[in-house]
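Trainee: Dropping a structure here in structure tokens format, bear with me for questions.
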Amino acid sequence: MTDNLSCILYGKNDIRLEQRPIPKAGPNQLLIRVKTVGICGSDVHYCLHGAIGNFIVKEPMVLGHESAGIVEAVGENVRGFSVGDRVAMEPGIPCRGCQHCKIGSYNLCPDMRFFATPPVDGSLARYVTHDADFCFKLPENVSLEEGALCEPLSVAIHACRRAHIQIGQNVLITGAGPIGLLCLLTAKAMGVSSVVVTDLDDGRLALAKKAGADHIVNVRGKSQDDLRREVTSAFGGLMPDAAMECTGAQPCVETAITLTKSGGIVVLIGLGASRIEIPIIEASTREVDIRGIFRYANCYPTALQMIASGKLNLLRDLTTADYQLEDAVKAFERAQKADVIKVFIHC
Ligand code: NAD
Ligand code: ZN
């Protein structure tokens, strides 16, 4: 057992497949034989730009953070896991001691170590070690692909919780990428009655329709007034109770704020330019709450239960493609096309 082929980003557009030593599970850790890793927009962004904001790839870094695998070895003091268990890995390990960690909002921990966020290596390799308390056993009927999808699904679950999504609501989702579609599926599973999804890309909108969007809107060439008419008409004349912004694009943030009903909630999931102009008086005078989202906390168990129960059937509803680790470069090229929602790499 010496093969630990790893997908390493050296800098802009410089992905290399190289051998790294197989790590040893330390105390409270598991050694995982990685099986499935989903490619996320952030992996692609690091690949194309060598950085996301202040996170700059200065040393070669293993990519990947949406991952599931099989326990290969169990470290000292670990309880509740055995060799052979199938697990999903929650990629961020917080400090466990700061004020945020202590109240359970560990996604806000300033000392978070997160797979494939420089300088921390990711999980796109044959083997990786991970703290056992951030590994979650997969129920028997949950596949390794679904285990990997728990990561972006957790973003959607956290966003729906922050949006106070409730039974019977009307929800606007801007952006039909993986995050927008997972928000769609999660909001539907939470019992909303109608979801409108907007995007610029007809192909993406068709995938949203396939995933169960009640109405799709291509925003290209439309004014905010056009969108108001089209969206409210799709909701039977009503404004949405909540908007989930999944593009980071200024026009979409503006649409989300101006179309959400008075007293409703806008969650800003998309991360675009660091400063944009928004209709702030509109939000203030109509008491539209604008809420940020940063990853998730305490969502993996819910994600797994929703998948196991059949309330979320991600592999049926999302369009996916599969590659082997040896073809990681091809997989990253495919992930830049809009024709699939999730590209999986099998390690
Ligand atoms: P994606 O790029 O695959 O999807 C974005 C979609 O928005 C695309 O389909 C694109 O066509 C559409 N879009 C872009 N500009 C638009 C515009 N002006 N009008 C309408 N549609 C437009 O990205 P994704 O993986 O689905 O992620 C969505 C966003 O969420 C990204 O900005 C990502 O950085 C962010 N994100 C945030 C968190 C968090 O913790 N806050 C976590 C994960 C992802
Ligand atoms: Zn902390």
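FYI, nothing fancy with the structure tokens labels: chains A, B, ... in order, residues from 1 per chain, ligands from 1 as they appear.
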Could you give me the residues within 8 Å of ligand 2, counting only C-alpha atoms and all ligand atoms, as a ChimeraX atom specification?
Mentor: /A:94-102,106,108-112
Trainee: Please list as number ranges by chain every residue within 7 Å of segment 117-123 of chain A, counting only C-alpha atoms and excluding residues in the same chain fewer than 5 positions away.
Mentor: A: 55-57, 61-65, 67, 128
Trainee: Rank nothing, just name the residue among A:Ser262, A:Asn54, A:Ser42, A:Asn141 nearest to ligand 1, using only C-alpha atoms and all ligand atoms.
Mentor: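 When distances to ligand 1 are compared using only C-alpha atoms and all ligand atoms, the smallest one comes from A:Ser42.
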Trainee: Check which residues fall inside 6 Å of ligand 1 when counting only C-alpha atoms and all ligand atoms, and print them as a list in words.
Mentor: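 Every residue with an atom at most 6 Å from ligand 1 is listed here: Gly41, Val155, Gly175, Ala176, Gly177, Pro178, Ile179, Gly180, Thr198, Asp199, Leu200, Asp201, Arg204, Val219, Cys246, Thr247, Gly248, Ala249, Pro251, Cys252, Ile269, Gly270, Leu271, Gly272, Ile293, Phe294 and Arg295 of chain A.
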Trainee: Could you turn the residues from that selection into a file that holds N, CA and C atoms, as an mmCIF file, in the first residue's frame?
Mentor:
data_model
loop_
_atom_site.group_PDB
_atom_site.id
_atom_site.type_symbol
_atom_site.label_atom_id
_atom_site.label_comp_id
_atom_site.auth_asym_id
_atom_site.auth_seq_id
_atom_site.Cartn_x
_atom_site.Cartn_y
_atom_site.Cartn_z
ATOM 1 N N GLY A 41 -17.215 24.812 -7.639
ATOM 2 C CA GLY A 41 -16.804 26.052 -8.294
ATOM 3 C C GLY A 41 -15.529 26.630 -7.687
ATOM 4 N N VAL A 155 -24.643 23.443 2.358
ATOM 5 C CA VAL A 155 -24.745 24.893 2.105
ATOM 6 C C VAL A 155 -26.224 25.249 1.912
ATOM 7 N N GLY A 175 -30.012 32.023 -9.932
ATOM 8 C CA GLY A 175 -28.821 31.210 -10.220
ATOM 9 C C GLY A 175 -29.157 29.734 -10.209
ATOM 10 N N ALA A 176 -28.952 29.067 -11.354
ATOM 11 C CA ALA A 176 -29.279 27.644 -11.486
ATOM 12 C C ALA A 176 -28.019 26.797 -11.569
ATOM 13 N N GLY A 177 -26.997 27.164 -10.804
ATOM 14 C CA GLY A 177 -25.822 26.300 -10.666
ATOM 15 C C GLY A 177 -26.112 25.241 -9.615
ATOM 16 N N PRO A 178 -25.078 24.468 -9.225
ATOM 17 C CA PRO A 178 -25.289 23.424 -8.225
ATOM 18 C C PRO A 178 -25.901 23.963 -6.931
ATOM 19 N N ILE A 179 -25.453 25.136 -6.501
ATOM 20 C CA ILE A 179 -25.961 25.658 -5.222
ATOM 21 C C ILE A 179 -27.425 26.069 -5.373
ATOM 22 N N GLY A 180 -27.766 26.764 -6.459
ATOM 23 C CA GLY A 180 -29.161 27.150 -6.675
ATOM 24 C C GLY A 180 -30.071 25.928 -6.751
ATOM 25 N N THR A 198 -34.151 31.714 -11.622
ATOM 26 C CA THR A 198 -33.690 32.574 -12.720
ATOM 27 C C THR A 198 -32.237 32.254 -13.063
ATOM 28 N N ASP A 199 -31.873 32.489 -14.302
ATOM 29 C CA ASP A 199 -30.481 32.353 -14.746
ATOM 30 C C ASP A 199 -30.356 33.079 -16.090
ATOM 31 N N LEU A 200 -29.134 33.146 -16.575
ATOM 32 C CA LEU A 200 -28.861 33.734 -17.898
ATOM 33 C C LEU A 200 -28.789 32.662 -18.969
ATOM 34 N N ASP A 201 -28.621 31.413 -18.514
ATOM 35 C CA ASP A 201 -28.259 30.321 -19.412
ATOM 36 C C ASP A 201 -29.451 29.372 -19.560
ATOM 37 N N ARG A 204 -28.800 25.774 -18.305
ATOM 38 C CA ARG A 204 -28.895 25.682 -16.841
ATOM 39 C C ARG A 204 -30.359 25.711 -16.384
ATOM 40 N N VAL A 219 -33.168 35.780 -17.467
ATOM 41 C CA VAL A 219 -33.147 37.216 -17.147
ATOM 42 C C VAL A 219 -32.525 38.056 -18.255
ATOM 43 N N CYS A 246 -28.032 33.032 -5.493
ATOM 44 C CA CYS A 246 -26.972 32.027 -5.715
ATOM 45 C C CYS A 246 -26.098 32.368 -6.921
ATOM 46 N N THR A 247 -25.904 33.675 -7.222
ATOM 47 C CA THR A 247 -25.007 34.049 -8.325
ATOM 48 C C THR A 247 -23.871 34.971 -7.861
ATOM 49 N N GLY A 248 -24.152 35.850 -6.921
ATOM 50 C CA GLY A 248 -23.182 36.877 -6.530
ATOM 51 C C GLY A 248 -23.192 38.066 -7.477
ATOM 52 N N ALA A 249 -24.041 38.015 -8.518
ATOM 53 C CA ALA A 249 -24.087 39.099 -9.515
ATOM 54 C C ALA A 249 -25.000 40.231 -9.022
ATOM 55 N N PRO A 251 -27.042 42.443 -10.449
ATOM 56 C CA PRO A 251 -28.458 42.536 -10.847
ATOM 57 C C PRO A 251 -29.328 41.515 -10.101
ATOM 58 N N CYS A 252 -28.764 40.357 -9.805
ATOM 59 C CA CYS A 252 -29.540 39.318 -9.111
ATOM 60 C C CYS A 252 -29.762 39.696 -7.644
ATOM 61 N N ILE A 269 -26.115 33.965 -0.812
ATOM 62 C CA ILE A 269 -25.222 32.803 -0.839
ATOM 63 C C ILE A 269 -24.095 33.065 -1.839
ATOM 64 N N GLY A 270 -24.446 33.610 -2.997
ATOM 65 C CA GLY A 270 -23.460 33.870 -4.046
ATOM 66 C C GLY A 270 -22.402 34.862 -3.574
ATOM 67 N N LEU A 271 -21.165 34.592 -3.982
ATOM 68 C CA LEU A 271 -20.054 35.465 -3.616
ATOM 69 C C LEU A 271 -19.488 36.045 -4.905
ATOM 70 N N GLY A 272 -19.725 37.326 -5.132
ATOM 71 C CA GLY A 272 -19.225 37.967 -6.344
ATOM 72 C C GLY A 272 -18.265 39.078 -5.972
ATOM 73 N N ILE A 293 -24.537 34.146 4.304
ATOM 74 C CA ILE A 293 -24.386 32.688 4.496
ATOM 75 C C ILE A 293 -22.899 32.383 4.375
ATOM 76 N N PHE A 294 -22.352 31.685 5.345
ATOM 77 C CA PHE A 294 -20.986 31.201 5.160
ATOM 78 C C PHE A 294 -20.934 29.698 5.443
ATOM 79 N N ARG A 295 -20.807 28.943 4.391
ATOM 80 C CA ARG A 295 -20.775 27.474 4.469
ATOM 81 C C ARG A 295 -21.957 26.964 5.299
#
Trainee: Report as a PyMOL selection string: the residues of segment 72-246 of chain A with a DSSP assignment of strand (DSSP E or B), based on the backbone of this structure.
Mentor: chain A and resi 72-74+86-89+92-93+113-114+125+127-131+135-137+170-174+194-199+215-218+242-245
Trainee: Atom CA of Glu245 of chain A and atom CA of Ile257 of chain A are how many Å apart?
Mentor: 9.4 Å
Trainee: Excluding same-chain residues fewer than 5 positions from Val288 of chain A, what lies within 9 Å of it counting only C-alpha atoms, as a list in words?
Mentor: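 Result of the neighbour search: Ile257, Thr258, Thr260, Lys261, Ser262, Gly263, Gly264, Ile265, Val266, Glu282 and Ala283 of chain A.
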Trainee: Do a neighbour search on Ile39 of chain A at 9 Å with only C-alpha atoms, toss out local chain neighbours closer than 5 positions, and write the hits as a ChimeraX atom specification.
Mentor: /A:44,63-66,331-332,335,342-345
Trainee: Mind dumping the selected residues with C-alpha atoms as a short mmCIF file (atom, residue, chain, number, x, y, z; two decimals), in the first residue's frame?
Mentor:
data_model
loop_
_atom_site.label_atom_id
_atom_site.label_comp_id
_atom_site.auth_asym_id
_atom_site.auth_seq_id
_atom_site.Cartn_x
_atom_site.Cartn_y
_atom_site.Cartn_z
CA VAL A 44 -12.22 25.45 -10.45
CA LEU A 63 -7.58 20.11 -4.43
CA GLY A 64 -11.04 18.82 -3.49
CA HIS A 65 -13.37 19.10 -0.52
CA GLU A 66 -16.67 17.37 -1.41
CA ALA A 331 -12.74 16.46 -15.18
CA PHE A 332 -11.77 20.04 -14.33
CA ALA A 335 -16.60 21.22 -14.65
CA LYS A 342 -21.84 18.07 -10.74
CA VAL A 343 -18.65 16.39 -11.93
CA PHE A 344 -17.46 13.49 -9.75
CA ILE A 345 -13.91 12.17 -9.64
#
Trainee: Just checking: using only C-alpha atoms, which residue out of A:His164, A:Arg220, A:Arg228, A:Arg334 ends up closest to Asp202 of chain A?
Mentor: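 That would be A:Arg220, the residue with the smallest distance to Asp202 of chain A.
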Trainee: Pick out the closest residue to Leu48 of chain A from this set: A:Val34, A:Ile281, A:Leu9, A:Leu184. Count only C-alpha atoms.
Mentor: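 Distance minimum relative to Leu48 of chain A lands on A:Leu9.
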Trainee: What are the DSSP alpha helix (DSSP H) residues of segment 62-230 of chain A, as an MDAnalysis selection string?
Mentor: chainID A and resid 99:102 144:162 178:189 202:210 224:230
Trainee: Between atom CA of Gly80 of chain A and atom CA of Lys311 of chain A, what is the distance, to one decimal in Å?
Mentor: 26.7 Å
Trainee: Could you pull the residues within 9 Å of Ala211 of chain A, counting only C-alpha atoms, minus those fewer than 6 positions along the same chain, as a PyMOL selection string?
Mentor: chain A and resi 181-182+184-185+314+316-319
Trainee: Include C-alpha atoms and write out the residues we just selected as a CSV table (one decimal), in the first residue's frame.
Mentor:
chain,number,residue,atom,x,y,z
A,181,LEU,CA,-30.5,23.7,-7.6
A,182,LEU,CA,-29.6,22.2,-4.2
A,184,LEU,CA,-34.4,24.4,-4.9
A,185,LEU,CA,-34.5,20.7,-3.9
A,314,LEU,CA,-30.0,14.1,-5.7
A,316,ARG,CA,-32.1,11.5,-10.0
A,317,ASP,CA,-32.6,15.3,-10.0
A,318,LEU,CA,-29.1,16.6,-10.7
A,319,THR,CA,-27.2,16.0,-14.0
Trainee: Can you pull out every residue within 8 Å of Pro60 of chain A, counting only C-alpha atoms, but drop anything in the same chain fewer than 5 positions away, and send it as a PyMOL selection string?
Mentor: chain A and resi 8-11
Trainee: Those same residues - C-alpha atoms - I'd like them written as a PDB file, in the first residue's frame.
Mentor:
ATOM      1  CA  ILE A   8      -2.211  18.900  -6.774  1.00  0.00           C
ATOM      2  CA  LEU A   9      -2.599  22.521  -7.843  1.00  0.00           C
ATOM      3  CA  TYR A  10       0.791  24.195  -8.311  1.00  0.00           C
ATOM      4  CA  GLY A  11      -0.585  27.546  -9.483  1.00  0.00           C
TER       5      GLY A  11
END
Trainee: Give me the residues near Val142 of chain A as a list in words, where near means some atom within 9 Å (using only C-alpha atoms) and where sequence neighbours in that chain fewer than 4 positions away do not count.
Mentor: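 What passes the distance filter is Leu138, Glu146, Gly147, Leu304, Ile307 and Ala308 of chain A.
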